[in-house]
file my_file.pdb (PDB, C-alpha atoms and all ligand atoms)
ATOM      1  CA  MET A  29     -17.027  -0.710  11.921  1.00  0.00           C
ATOM      2  CA  SER A  30     -15.740   0.726   8.623  1.00  0.00           C
ATOM      3  CA  SER A  31     -12.137   0.244   7.485  1.00  0.00           C
ATOM      4  CA  LYS A  32     -11.608   3.997   8.031  1.00  0.00           C
ATOM      5  CA  LYS A  33     -12.806   3.765  11.659  1.00  0.00           C
ATOM      6  CA  TYR A  34     -10.687   0.642  12.184  1.00  0.00           C
ATOM      7  CA  PHE A  35      -7.502   2.422  11.056  1.00  0.00           C
ATOM      8  CA  GLU A  36      -8.402   5.535  13.091  1.00  0.00           C
ATOM      9  CA  LYS A  37      -8.626   3.250  16.114  1.00  0.00           C
ATOM     10  CA  VAL A  38      -5.371   1.321  15.605  1.00  0.00           C
ATOM     11  CA  ALA A  39      -3.236   4.248  14.316  1.00  0.00           C
ATOM     12  CA  ASP A  40      -1.083   4.549  17.445  1.00  0.00           C
ATOM     13  CA  GLN A  41      -0.510   0.779  17.568  1.00  0.00           C
ATOM     14  CA  TRP A  42      -0.057   0.187  13.823  1.00  0.00           C
ATOM     15  CA  ASP A  43       3.753   0.102  13.736  1.00  0.00           C
ATOM     16  CA  GLN A  44       3.863  -2.522  16.447  1.00  0.00           C
ATOM     17  CA  MET A  45       1.075  -4.548  14.805  1.00  0.00           C
ATOM     18  CA  ARG A  46       2.754  -4.319  11.417  1.00  0.00           C
ATOM     19  CA  GLU A  47       6.047  -5.662  12.750  1.00  0.00           C
ATOM     20  CA  GLY A  48       4.186  -8.876  13.572  1.00  0.00           C
ATOM     21  CA  PHE A  49       2.675  -9.100  10.081  1.00  0.00           C
ATOM     22  CA  PHE A  50       5.648  -8.535   7.738  1.00  0.00           C
ATOM     23  CA  THR A  51       9.266  -7.363   7.743  1.00  0.00           C
ATOM     24  CA  ASP A  52      11.287  -4.525   6.197  1.00  0.00           C
ATOM     25  CA  LYS A  53      12.115  -6.823   3.283  1.00  0.00           C
ATOM     26  CA  VAL A  54       8.750  -5.907   1.716  1.00  0.00           C
ATOM     27  CA  ARG A  55       9.622  -2.231   1.346  1.00  0.00           C
ATOM     28  CA  GLU A  56      13.180  -2.990   0.264  1.00  0.00           C
ATOM     29  CA  VAL A  57      11.812  -5.187  -2.552  1.00  0.00           C
ATOM     30  CA  ALA A  58       9.124  -2.627  -3.518  1.00  0.00           C
ATOM     31  CA  VAL A  59      11.473   0.356  -3.683  1.00  0.00           C
ATOM     32  CA  ALA A  60      14.218  -1.626  -5.470  1.00  0.00           C
ATOM     33  CA  LYS A  61      11.651  -2.775  -8.059  1.00  0.00           C
ATOM     34  CA  ALA A  62      11.000   0.828  -9.091  1.00  0.00           C
ATOM     35  CA  GLY A  63      14.739   1.602  -9.286  1.00  0.00           C
ATOM     36  CA  VAL A  64      14.081   4.963  -7.591  1.00  0.00           C
ATOM     37  CA  GLU A  65      16.328   7.948  -8.205  1.00  0.00           C
ATOM     38  CA  ALA A  66      17.198  10.658  -5.669  1.00  0.00           C
ATOM     39  CA  GLY A  67      15.269  13.915  -6.103  1.00  0.00           C
ATOM     40  CA  LYS A  68      12.242  12.315  -7.818  1.00  0.00           C
ATOM     41  CA  LEU A  69       8.693  12.447  -6.396  1.00  0.00           C
ATOM     42  CA  ALA A  70       6.687   9.419  -5.214  1.00  0.00           C
ATOM     43  CA  ALA A  71       3.099   8.961  -4.057  1.00  0.00           C
ATOM     44  CA  ASP A  72       2.699   6.527  -1.149  1.00  0.00           C
ATOM     45  CA  ILE A  73      -0.974   5.562  -1.396  1.00  0.00           C
ATOM     46  CA  GLY A  74      -2.626   4.048   1.685  1.00  0.00           C
ATOM     47  CA  ALA A  75       0.553   5.264   3.358  1.00  0.00           C
ATOM     48  CA  GLY A  76      -0.600   4.494   6.881  1.00  0.00           C
ATOM     49  CA  THR A  77       2.189   5.512   9.237  1.00  0.00           C
ATOM     50  CA  GLY A  78       4.796   5.645   6.466  1.00  0.00           C
ATOM     51  CA  PHE A  79       6.266   2.153   6.089  1.00  0.00           C
ATOM     52  CA  ILE A  80       7.089   2.634   2.375  1.00  0.00           C
ATOM     53  CA  THR A  81       7.877   6.336   2.815  1.00  0.00           C
ATOM     54  CA  GLU A  82      10.638   5.484   5.285  1.00  0.00           C
ATOM     55  CA  GLU A  83      12.479   3.513   2.579  1.00  0.00           C
ATOM     56  CA  LEU A  84      11.828   6.261   0.010  1.00  0.00           C
ATOM     57  CA  VAL A  85      13.288   9.060   2.120  1.00  0.00           C
ATOM     58  CA  LYS A  86      16.323   6.860   2.809  1.00  0.00           C
ATOM     59  CA  ASN A  87      16.792   6.952  -0.979  1.00  0.00           C
ATOM     60  CA  GLU A  88      16.320  10.763  -1.014  1.00  0.00           C
ATOM     61  CA  VAL A  89      12.991  10.527  -2.845  1.00  0.00           C
ATOM     62  CA  LYS A  90      10.336  13.198  -2.057  1.00  0.00           C
ATOM     63  CA  VAL A  91       6.946  11.814  -1.017  1.00  0.00           C
ATOM     64  CA  ILE A  92       3.261  12.717  -1.070  1.00  0.00           C
ATOM     65  CA  ALA A  93       1.570  10.416   1.433  1.00  0.00           C
ATOM     66  CA  VAL A  94      -2.147   9.766   0.909  1.00  0.00           C
ATOM     67  CA  ASP A  95      -4.471   7.924   3.267  1.00  0.00           C
ATOM     68  CA  GLN A  96      -8.176   7.861   4.117  1.00  0.00           C
ATOM     69  CA  SER A  97      -7.311   8.039   7.817  1.00  0.00           C
ATOM     70  CA  GLU A  98      -6.258  11.320   9.383  1.00  0.00           C
ATOM     71  CA  ALA A  99      -5.144   9.485  12.523  1.00  0.00           C
ATOM     72  CA  MET A 100      -2.704   7.307  10.535  1.00  0.00           C
ATOM     73  CA  LEU A 101      -1.311  10.411   8.798  1.00  0.00           C
ATOM     74  CA  GLU A 102      -1.036  12.266  12.126  1.00  0.00           C
ATOM     75  CA  GLU A 103       1.005   9.378  13.506  1.00  0.00           C
ATOM     76  CA  MET A 104       3.166   9.487  10.395  1.00  0.00           C
ATOM     77  CA  LYS A 105       3.712  13.271  10.684  1.00  0.00           C
ATOM     78  CA  ARG A 106       4.858  12.822  14.266  1.00  0.00           C
ATOM     79  CA  LYS A 107       7.422  10.217  13.198  1.00  0.00           C
ATOM     80  CA  PHE A 108       8.762  12.161  10.213  1.00  0.00           C
ATOM     81  CA  ASP A 109       8.603  15.698  11.588  1.00  0.00           C
ATOM     82  CA  ARG A 110      12.265  16.357  10.764  1.00  0.00           C
ATOM     83  CA  PHE A 111      11.631  15.842   7.029  1.00  0.00           C
ATOM     84  CA  ASP A 112      10.443  18.732   4.864  1.00  0.00           C
ATOM     85  CA  THR A 113      10.296  16.498   1.765  1.00  0.00           C
ATOM     86  CA  ILE A 114       7.030  14.768   2.744  1.00  0.00           C
ATOM     87  CA  GLU A 115       3.511  16.105   2.145  1.00  0.00           C
ATOM     88  CA  TYR A 116       0.399  14.602   3.725  1.00  0.00           C
ATOM     89  CA  ARG A 117      -3.031  14.454   2.076  1.00  0.00           C
ATOM     90  CA  THR A 118      -6.224  12.702   3.113  1.00  0.00           C
ATOM     91  CA  GLY A 119      -8.170  11.099   0.296  1.00  0.00           C
ATOM     92  CA  ASN A 120      -9.950   8.045  -0.997  1.00  0.00           C
ATOM     93  CA  PHE A 121      -8.853   5.384  -3.487  1.00  0.00           C
ATOM     94  CA  ASN A 122     -11.251   6.464  -6.240  1.00  0.00           C
ATOM     95  CA  HIS A 123     -10.340  10.141  -6.212  1.00  0.00           C
ATOM     96  CA  LEU A 124      -6.730  10.607  -5.135  1.00  0.00           C
ATOM     97  CA  PRO A 125      -5.892  14.177  -4.090  1.00  0.00           C
ATOM     98  CA  LEU A 126      -3.142  14.434  -6.709  1.00  0.00           C
ATOM     99  CA  GLN A 127      -3.002  16.080 -10.125  1.00  0.00           C
ATOM    100  CA  ASP A 128      -2.749  14.102 -13.360  1.00  0.00           C
ATOM    101  CA  GLU A 129       0.814  13.213 -14.364  1.00  0.00           C
ATOM    102  CA  SER A 130       2.361  14.773 -11.266  1.00  0.00           C
ATOM    103  CA  VAL A 131       4.539  12.011  -9.716  1.00  0.00           C
ATOM    104  CA  ASP A 132       7.346   9.693 -10.843  1.00  0.00           C
ATOM    105  CA  TYR A 133       6.301   6.656  -8.780  1.00  0.00           C
ATOM    106  CA  SER A 134       3.066   5.350  -7.214  1.00  0.00           C
ATOM    107  CA  PHE A 135       3.494   2.856  -4.365  1.00  0.00           C
ATOM    108  CA  GLY A 136       0.807   0.992  -2.425  1.00  0.00           C
ATOM    109  CA  ASN A 137       1.718  -1.543   0.250  1.00  0.00           C
ATOM    110  CA  MET A 138      -1.062  -3.691   1.778  1.00  0.00           C
ATOM    111  CA  TYR A 139      -3.526  -1.098   0.518  1.00  0.00           C
ATOM    112  CA  LEU A 140      -5.192  -2.783  -2.460  1.00  0.00           C
ATOM    113  CA  HIS A 141      -6.950  -5.460  -0.384  1.00  0.00           C
ATOM    114  CA  HIS A 142      -8.778  -2.673   1.501  1.00  0.00           C
ATOM    115  CA  VAL A 143     -10.341  -0.844  -1.443  1.00  0.00           C
ATOM    116  CA  ASP A 144     -13.780  -1.542  -2.923  1.00  0.00           C
ATOM    117  CA  VAL A 145     -12.705  -1.702  -6.585  1.00  0.00           C
ATOM    118  CA  PRO A 146      -9.037  -2.655  -7.127  1.00  0.00           C
ATOM    119  CA  LEU A 147      -9.026  -1.754 -10.848  1.00  0.00           C
ATOM    120  CA  VAL A 148     -10.234   1.785 -10.052  1.00  0.00           C
ATOM    121  CA  ALA A 149      -7.535   2.121  -7.364  1.00  0.00           C
ATOM    122  CA  ILE A 150      -4.878   1.056  -9.881  1.00  0.00           C
ATOM    123  CA  GLU A 151      -6.258   3.426 -12.564  1.00  0.00           C
ATOM    124  CA  GLU A 152      -5.997   6.303 -10.086  1.00  0.00           C
ATOM    125  CA  MET A 153      -2.392   5.354  -9.256  1.00  0.00           C
ATOM    126  CA  VAL A 154      -1.673   5.425 -13.004  1.00  0.00           C
ATOM    127  CA  ARG A 155      -3.554   8.712 -13.631  1.00  0.00           C
ATOM    128  CA  VAL A 156      -1.266  10.608 -11.252  1.00  0.00           C
ATOM    129  CA  LEU A 157       1.931   9.211 -12.828  1.00  0.00           C
ATOM    130  CA  LYS A 158       4.014  11.156 -15.321  1.00  0.00           C
ATOM    131  CA  PRO A 159       4.668   9.350 -18.623  1.00  0.00           C
ATOM    132  CA  GLY A 160       7.487   6.892 -17.929  1.00  0.00           C
ATOM    133  CA  GLY A 161       6.438   6.708 -14.268  1.00  0.00           C
ATOM    134  CA  LYS A 162       6.272   3.413 -12.364  1.00  0.00           C
ATOM    135  CA  VAL A 163       3.625   1.722 -10.219  1.00  0.00           C
ATOM    136  CA  VAL A 164       4.605  -0.798  -7.537  1.00  0.00           C
ATOM    137  CA  ILE A 165       1.962  -2.606  -5.491  1.00  0.00           C
ATOM    138  CA  THR A 166       2.831  -5.115  -2.790  1.00  0.00           C
ATOM    139  CA  ASP A 167       0.006  -7.176  -1.337  1.00  0.00           C
ATOM    140  CA  MET A 168      -1.210 -10.648  -0.398  1.00  0.00           C
ATOM    141  CA  ASP A 169      -1.810 -13.581  -2.694  1.00  0.00           C
ATOM    142  CA  GLU A 170      -5.296 -15.037  -2.616  1.00  0.00           C
ATOM    143  CA  HIS A 171      -6.020 -16.839   0.691  1.00  0.00           C
ATOM    144  CA  GLU A 172      -8.863 -18.256   2.767  1.00  0.00           C
ATOM    145  CA  PHE A 173      -8.404 -16.605   6.152  1.00  0.00           C
ATOM    146  CA  GLU A 174     -11.902 -15.183   6.658  1.00  0.00           C
ATOM    147  CA  PHE A 175     -11.053 -13.860  10.147  1.00  0.00           C
ATOM    148  CA  LEU A 176      -9.048 -11.083   8.478  1.00  0.00           C
ATOM    149  CA  ARG A 177     -12.276  -9.567   7.136  1.00  0.00           C
ATOM    150  CA  LYS A 178     -13.734  -9.261  10.622  1.00  0.00           C
ATOM    151  CA  GLU A 179     -10.635  -8.510  12.651  1.00  0.00           C
ATOM    152  CA  GLN A 180      -8.647  -6.288  10.246  1.00  0.00           C
ATOM    153  CA  HIS A 181     -11.425  -5.069   7.962  1.00  0.00           C
ATOM    154  CA  ASP A 182      -9.843  -6.586   4.866  1.00  0.00           C
ATOM    155  CA  ARG A 183     -12.168  -6.117   1.890  1.00  0.00           C
ATOM    156  CA  TRP A 184     -10.465  -8.788  -0.266  1.00  0.00           C
ATOM    157  CA  LEU A 185      -8.859 -12.060   0.815  1.00  0.00           C
ATOM    158  CA  GLY A 186      -5.779 -11.288  -1.276  1.00  0.00           C
ATOM    159  CA  PHE A 187      -5.659 -11.543  -5.058  1.00  0.00           C
ATOM    160  CA  LYS A 188      -4.892 -13.950  -7.867  1.00  0.00           C
ATOM    161  CA  ARG A 189      -1.704 -12.770  -9.569  1.00  0.00           C
ATOM    162  CA  GLU A 190      -3.306 -13.165 -12.992  1.00  0.00           C
ATOM    163  CA  ASP A 191      -6.075 -10.715 -11.973  1.00  0.00           C
ATOM    164  CA  VAL A 192      -3.537  -8.144 -10.796  1.00  0.00           C
ATOM    165  CA  GLU A 193      -1.574  -8.536 -14.025  1.00  0.00           C
ATOM    166  CA  ARG A 194      -4.771  -8.070 -16.078  1.00  0.00           C
ATOM    167  CA  TRP A 195      -5.777  -4.960 -14.095  1.00  0.00           C
ATOM    168  CA  PHE A 196      -2.321  -3.427 -14.585  1.00  0.00           C
ATOM    169  CA  LYS A 197      -2.616  -3.971 -18.346  1.00  0.00           C
ATOM    170  CA  GLU A 198      -6.223  -2.674 -18.427  1.00  0.00           C
ATOM    171  CA  ALA A 199      -5.012   0.445 -16.609  1.00  0.00           C
ATOM    172  CA  GLY A 200      -2.641   1.058 -19.546  1.00  0.00           C
ATOM    173  CA  LEU A 201       0.665  -0.063 -18.026  1.00  0.00           C
ATOM    174  CA  LYS A 202       3.431  -1.771 -20.003  1.00  0.00           C
ATOM    175  CA  ASN A 203       6.297  -4.081 -18.979  1.00  0.00           C
ATOM    176  CA  VAL A 204       3.968  -5.527 -16.340  1.00  0.00           C
ATOM    177  CA  SER A 205       5.230  -8.213 -13.964  1.00  0.00           C
ATOM    178  CA  VAL A 206       3.833  -9.841 -10.824  1.00  0.00           C
ATOM    179  CA  ASP A 207       6.469 -11.706  -8.795  1.00  0.00           C
ATOM    180  CA  CYS A 208       7.068 -13.148  -5.339  1.00  0.00           C
ATOM    181  CA  VAL A 209       8.289 -10.808  -2.635  1.00  0.00           C
ATOM    182  CA  GLY A 210       9.871 -13.879  -1.025  1.00  0.00           C
ATOM    183  CA  GLU A 211       8.162 -13.094   2.263  1.00  0.00           C
ATOM    184  CA  GLU A 212       4.963 -14.154   4.022  1.00  0.00           C
ATOM    185  CA  CYS A 213       2.437 -12.033   5.822  1.00  0.00           C
ATOM    186  CA  CYS A 214       1.615 -13.587   9.193  1.00  0.00           C
ATOM    187  CA  GLY A 215      -1.302 -13.009  11.521  1.00  0.00           C
ATOM    188  CA  GLU A 216      -3.096 -14.754  14.329  1.00  0.00           C
ATOM    189  CA  SER A 217      -6.813 -14.608  14.996  1.00  0.00           C
ATOM    190  CA  GLU A 218      -7.768 -12.732  18.159  1.00  0.00           C
ATOM    191  CA  GLU A 219      -9.795 -15.787  19.040  1.00  0.00           C
ATOM    192  CA  GLY A 220      -6.539 -17.725  18.934  1.00  0.00           C
ATOM    193  CA  SER A 221      -7.769 -20.593  16.809  1.00  0.00           C
ATOM    194  CA  GLU A 222      -6.261 -19.662  13.446  1.00  0.00           C
ATOM    195  CA  LYS A 223      -2.877 -18.535  12.177  1.00  0.00           C
ATOM    196  CA  ALA A 224      -2.425 -17.041   8.729  1.00  0.00           C
ATOM    197  CA  ASN A 225       0.749 -17.377   6.654  1.00  0.00           C
ATOM    198  CA  ILE A 226       0.140 -15.706   3.327  1.00  0.00           C
ATOM    199  CA  SER A 227       2.647 -15.219   0.518  1.00  0.00           C
ATOM    200  CA  LEU A 228       3.109 -11.711  -0.875  1.00  0.00           C
ATOM    201  CA  PHE A 229       3.445 -10.463  -4.447  1.00  0.00           C
ATOM    202  CA  VAL A 230       5.088  -7.397  -5.917  1.00  0.00           C
ATOM    203  CA  ALA A 231       3.321  -6.032  -9.006  1.00  0.00           C
ATOM    204  CA  TYR A 232       5.123  -3.607 -11.318  1.00  0.00           C
ATOM    205  CA  GLY A 233       4.227  -1.611 -14.400  1.00  0.00           C
ATOM    206  CA  GLU A 234       5.364   1.452 -16.356  1.00  0.00           C
ATOM    207  CA  LYS A 235       3.220   4.231 -17.814  1.00  0.00           C
ATOM    208  CA  PRO A 236       3.947   4.619 -21.545  1.00  0.00           C
TER     209      PRO A 236
HETATM  210  C1  LIG B   1      -2.874  -2.326   6.068  1.00  0.00           C
HETATM  211  S1  LIG B   1      -2.654  -0.588   6.143  1.00  0.00           S
HETATM  212  C2  LIG B   1      -1.063  -0.404   5.340  1.00  0.00           C
HETATM  213  C3  LIG B   1      -0.396   0.904   5.688  1.00  0.00           C
HETATM  214  C4  LIG B   1       1.011   1.084   5.099  1.00  0.00           C
HETATM  215  N1  LIG B   1       1.000   1.123   3.662  1.00  0.00           N
HETATM  216  C5  LIG B   1       1.939  -0.001   5.612  1.00  0.00           C
HETATM  217  O1  LIG B   1       2.471  -0.762   4.798  1.00  0.00           O
HETATM  218  O2  LIG B   1       2.144  -0.084   6.833  1.00  0.00           O
HETATM  219  C6  LIG B   1      -3.772   0.002   4.908  1.00  0.00           C
HETATM  220  C7  LIG B   1      -3.847   1.504   4.814  1.00  0.00           C
HETATM  221  O3  LIG B   1      -4.661   1.850   3.682  1.00  0.00           O
HETATM  222  C8  LIG B   1      -5.563   2.877   4.062  1.00  0.00           C
HETATM  223  N2  LIG B   1      -6.761   2.740   3.243  1.00  0.00           N
HETATM  224  C9  LIG B   1      -7.675   1.731   3.284  1.00  0.00           C
HETATM  225  N3  LIG B   1      -8.663   1.955   2.423  1.00  0.00           N
HETATM  226  C10 LIG B   1      -8.397   3.141   1.821  1.00  0.00           C
HETATM  227  C11 LIG B   1      -9.080   3.921   0.838  1.00  0.00           C
HETATM  228  N4  LIG B   1     -10.239   3.512   0.331  1.00  0.00           N
HETATM  229  N5  LIG B   1      -8.530   5.091   0.455  1.00  0.00           N
HETATM  230  C12 LIG B   1      -7.353   5.520   1.005  1.00  0.00           C
HETATM  231  N6  LIG B   1      -6.665   4.826   1.946  1.00  0.00           N
HETATM  232  C13 LIG B   1      -7.180   3.650   2.343  1.00  0.00           C
HETATM  233  C14 LIG B   1      -5.842   2.617   5.535  1.00  0.00           C
HETATM  234  O4  LIG B   1      -6.337   3.765   6.208  1.00  0.00           O
HETATM  235  C15 LIG B   1      -4.487   2.148   6.035  1.00  0.00           C
HETATM  236  O5  LIG B   1      -3.690   3.202   6.497  1.00  0.00           O
END

call {"tool": "encode", "arguments": {"input": "my_file.pdb", "output": "structure tokens"}}
result
Amino acid sequence: MSSKKYFEKVADQWDQMREGFFTDKVREVAVAKAGVEAGKLAADIGAGTGFITEELVKNEVKVIAVDQSEAMLEEMKRKFDRFDTIEYRTGNFNHLPLQDESVDYSFGNMYLHHVDVPLVAIEEMVRVLKPGGKVVITDMDEHEFEFLRKEQHDRWLGFKREDVERWFKEAGLKNVSVDCVGEECCGESEEGSEKANISLFVAYGEKP
């Protein structure tokens, strides 16, 4: 099964699944890192059912949500139907459906470990940013829990922070930092034999 098919299948259960993996602290840290301002425009890439978007709209930030999965975006639309400040677009990591220099912030939570080429995904998140815009990516540190490839279609078993920092710099970002979220991502194998506790990082950079 492809990652796209996997997320189409779990879309209506994702919020419940996610609550078992990580808490609201992740989005609070991510959104605080960018120091968002009301009225600005953010892209939530790999938005899923809108975990990051929920924190953004609380801060009166407008959002364009992008995901490969229509089912995830449909679920998100249902949840946020009272908001007219959110747009929904289907698209892939290597060709985001956004114009160059069109948004103030690019967020991606638990998205990077699903894409084929992380550097290309980061370059796309930078391409769509206005000068002075900010990228914030929250994801897992490198780990050895192979079952996540099979059961959750993870493409990468997390990342080394030094690789993420290098990719941010190669993508042209300045004031780059990669820090601890102070939270672990937890998961249990369906076969019941393994439990994963994986620390999370928050990576930040600014477009010159
Ligand atoms: C683990 S979920 C995280 C969803 C959401 N950001 C959250 O924190 O709950 C990963 C999301 O990234 C999307 N995704 C995976 N690969 C993608 C790709 N190549 N292009 C666009 N979206 C992708 C999936 O469809 C899924 O909704």

call {"tool": "residues_near_point", "arguments": {"input": "my_file.pdb", "point": "(0.7, -10.2, -9.5)", "cutoff": "12 Å", "atoms": "only C-alpha atoms", "output": "ChimeraX atom specification"}}
result
/A:140,164-170,186-197,204-209,227-233

call {"tool": "write_last_selection", "arguments": {"input": "my_file.pdb", "atoms": "C-alpha atoms", "output": "tab-separated table (two decimals), in the frame of the given file"}}
result
chain	number	residue	atom	x	y	z
A	140	LEU	CA	-5.19	-2.78	-2.46
A	164	VAL	CA	4.61	-0.80	-7.54
A	165	ILE	CA	1.96	-2.61	-5.49
A	166	THR	CA	2.83	-5.12	-2.79
A	167	ASP	CA	0.01	-7.18	-1.34
A	168	MET	CA	-1.21	-10.65	-0.40
A	169	ASP	CA	-1.81	-13.58	-2.69
A	170	GLU	CA	-5.30	-15.04	-2.62
A	186	GLY	CA	-5.78	-11.29	-1.28
A	187	PHE	CA	-5.66	-11.54	-5.06
A	188	LYS	CA	-4.89	-13.95	-7.87
A	189	ARG	CA	-1.70	-12.77	-9.57
A	190	GLU	CA	-3.31	-13.16	-12.99
A	191	ASP	CA	-6.08	-10.72	-11.97
A	192	VAL	CA	-3.54	-8.14	-10.80
A	193	GLU	CA	-1.57	-8.54	-14.02
A	194	ARG	CA	-4.77	-8.07	-16.08
A	195	TRP	CA	-5.78	-4.96	-14.10
A	196	PHE	CA	-2.32	-3.43	-14.58
A	197	LYS	CA	-2.62	-3.97	-18.35
A	204	VAL	CA	3.97	-5.53	-16.34
A	205	SER	CA	5.23	-8.21	-13.96
A	206	VAL	CA	3.83	-9.84	-10.82
A	207	ASP	CA	6.47	-11.71	-8.80
A	208	CYS	CA	7.07	-13.15	-5.34
A	209	VAL	CA	8.29	-10.81	-2.64
A	227	SER	CA	2.65	-15.22	0.52
A	228	LEU	CA	3.11	-11.71	-0.88
A	229	PHE	CA	3.44	-10.46	-4.45
A	230	VAL	CA	5.09	-7.40	-5.92
A	231	ALA	CA	3.32	-6.03	-9.01
A	232	TYR	CA	5.12	-3.61	-11.32
A	233	GLY	CA	4.23	-1.61	-14.40

call {"tool": "residues_near_ligand", "arguments": {"input": "my_file.pdb", "ligand": "ligand LIG 1 (chain B)", "cutoff": "7 Å", "atoms": "all atoms listed in the file", "output": "mmCIF file with C-alpha atoms, in the coordinates of the input"}}
result
data_model
loop_
_atom_site.group_PDB
_atom_site.id
_atom_site.type_symbol
_atom_site.label_atom_id
_atom_site.label_comp_id
_atom_site.auth_asym_id
_atom_site.auth_seq_id
_atom_site.Cartn_x
_atom_site.Cartn_y
_atom_site.Cartn_z
ATOM 1 C CA SER A 31 -12.137 0.244 7.485
ATOM 2 C CA LYS A 32 -11.608 3.997 8.031
ATOM 3 C CA PHE A 35 -7.502 2.422 11.056
ATOM 4 C CA ARG A 46 2.754 -4.319 11.417
ATOM 5 C CA ILE A 73 -0.974 5.562 -1.396
ATOM 6 C CA GLY A 74 -2.626 4.048 1.685
ATOM 7 C CA ALA A 75 0.553 5.264 3.358
ATOM 8 C CA GLY A 76 -0.600 4.494 6.881
ATOM 9 C CA THR A 77 2.189 5.512 9.237
ATOM 10 C CA GLY A 78 4.796 5.645 6.466
ATOM 11 C CA PHE A 79 6.266 2.153 6.089
ATOM 12 C CA ILE A 80 7.089 2.634 2.375
ATOM 13 C CA VAL A 94 -2.147 9.766 0.909
ATOM 14 C CA ASP A 95 -4.471 7.924 3.267
ATOM 15 C CA GLN A 96 -8.176 7.861 4.117
ATOM 16 C CA SER A 97 -7.311 8.039 7.817
ATOM 17 C CA MET A 100 -2.704 7.307 10.535
ATOM 18 C CA GLY A 119 -8.170 11.099 0.296
ATOM 19 C CA ASN A 120 -9.950 8.045 -0.997
ATOM 20 C CA PHE A 121 -8.853 5.384 -3.487
ATOM 21 C CA GLY A 136 0.807 0.992 -2.425
ATOM 22 C CA ASN A 137 1.718 -1.543 0.250
ATOM 23 C CA MET A 138 -1.062 -3.691 1.778
ATOM 24 C CA TYR A 139 -3.526 -1.098 0.518
ATOM 25 C CA HIS A 142 -8.778 -2.673 1.501
ATOM 26 C CA VAL A 143 -10.341 -0.844 -1.443
ATOM 27 C CA ASP A 144 -13.780 -1.542 -2.923
#

call {"tool": "resolve_selection", "arguments": {"input": "my_file.pdb", "expression": "the PyMOL selection byres (((chain A and resi 128) around 7) and not hetatm)", "output": "compact mmCIF listing (two decimals) with C-alpha atoms, in the frame of the given file"}}
result
# COMPACT_ATOMS: atom_id res chain seq x y z
CA LEU A 126 -3.14 14.43 -6.71
CA GLN A 127 -3.00 16.08 -10.12
CA GLU A 129 0.81 13.21 -14.36
CA SER A 130 2.36 14.77 -11.27
CA ARG A 155 -3.55 8.71 -13.63
CA VAL A 156 -1.27 10.61 -11.25
CA LEU A 157 1.93 9.21 -12.83

call {"tool": "atom_distance", "arguments": {"input": "my_file.pdb", "atom1": "atom CA of A:Ala70", "atom2": "atom CA of A:Phe135"}}
result
7.3 Å

call {"tool": "resolve_selection", "arguments": {"input": "my_file.pdb", "expression": "the PyMOL selection byres (((chain A and resi 114) around 6) and not hetatm)", "output": "count of residues only"}}
result
5

call {"tool": "closest_residue", "arguments": {"input": "my_file.pdb", "among": "A:Phe108, A:Glu222, A:Glu102, A:Ser217", "to": "A:Ala39", "atoms": "only C-alpha atoms"}}
result
A:Glu102

call {"tool": "resolve_selection", "arguments": {"input": "my_file.pdb", "expression": "the PyMOL selection byres (((chain A and resi 211) around 10) and not hetatm)", "output": "PyMOL selection string"}}
result
chain A and resi 50-54+57+208-210+212-214+225-229

call {"tool": "write_last_selection", "arguments": {"input": "my_file.pdb", "atoms": "C-alpha atoms", "output": "JSON list (two decimals), in the frame of the given file"}}
result
[["chain", "number", "residue", "atom", "x", "y", "z"],
["A", 50, "PHE", "CA", 5.65, -8.54, 7.74],
["A", 51, "THR", "CA", 9.27, -7.36, 7.74],
["A", 52, "ASP", "CA", 11.29, -4.53, 6.20],
["A", 53, "LYS", "CA", 12.12, -6.82, 3.28],
["A", 54, "VAL", "CA", 8.75, -5.91, 1.72],
["A", 57, "VAL", "CA", 11.81, -5.19, -2.55],
["A", 208, "CYS", "CA", 7.07, -13.15, -5.34],
["A", 209, "VAL", "CA", 8.29, -10.81, -2.64],
["A", 210, "GLY", "CA", 9.87, -13.88, -1.02],
["A", 212, "GLU", "CA", 4.96, -14.15, 4.02],
["A", 213, "CYS", "CA", 2.44, -12.03, 5.82],
["A", 214, "CYS", "CA", 1.62, -13.59, 9.19],
["A", 225, "ASN", "CA", 0.75, -17.38, 6.65],
["A", 226, "ILE", "CA", 0.14, -15.71, 3.33],
["A", 227, "SER", "CA", 2.65, -15.22, 0.52],
["A", 228, "LEU", "CA", 3.11, -11.71, -0.88],
["A", 229, "PHE", "CA", 3.44, -10.46, -4.45]]

call {"tool": "atom_distance", "arguments": {"input": "my_file.pdb", "atom1": "atom CA of A:Glu179", "atom2": "atom CA of A:Asn122"}}
result
24.1 Å

call {"tool": "atom_distance", "arguments": {"input": "my_file.pdb", "atom1": "atom CA of A:Met104", "atom2": "atom CA of A:Arg117"}}
result
11.5 Å

call {"tool": "axis_aligned_box", "arguments": {"input": "my_file.pdb", "around": "stretch 138-147 of chain A", "padding_each_side": "6 Å", "output": "AutoDock Vina command-line options"}}
result
--center_x -7.4 --center_y -3.2 --center_z -4.5 --size_x 24.7 --size_y 16.6 --size_z 24.6

call {"tool": "closest_residue", "arguments": {"input": "my_file.pdb", "among": "A:Ala199, A:Ala224, A:Val85, A:Ser134", "to": "A:Glu172", "atoms": "all atoms listed in the file"}}
result
A:Ala224

call {"tool": "closest_residue", "arguments": {"input": "my_file.pdb", "among": "A:His181, A:Lys86, A:Lys68, A:Lys107", "to": "A:Arg55", "atoms": "only C-alpha atoms"}}
result
A:Lys86
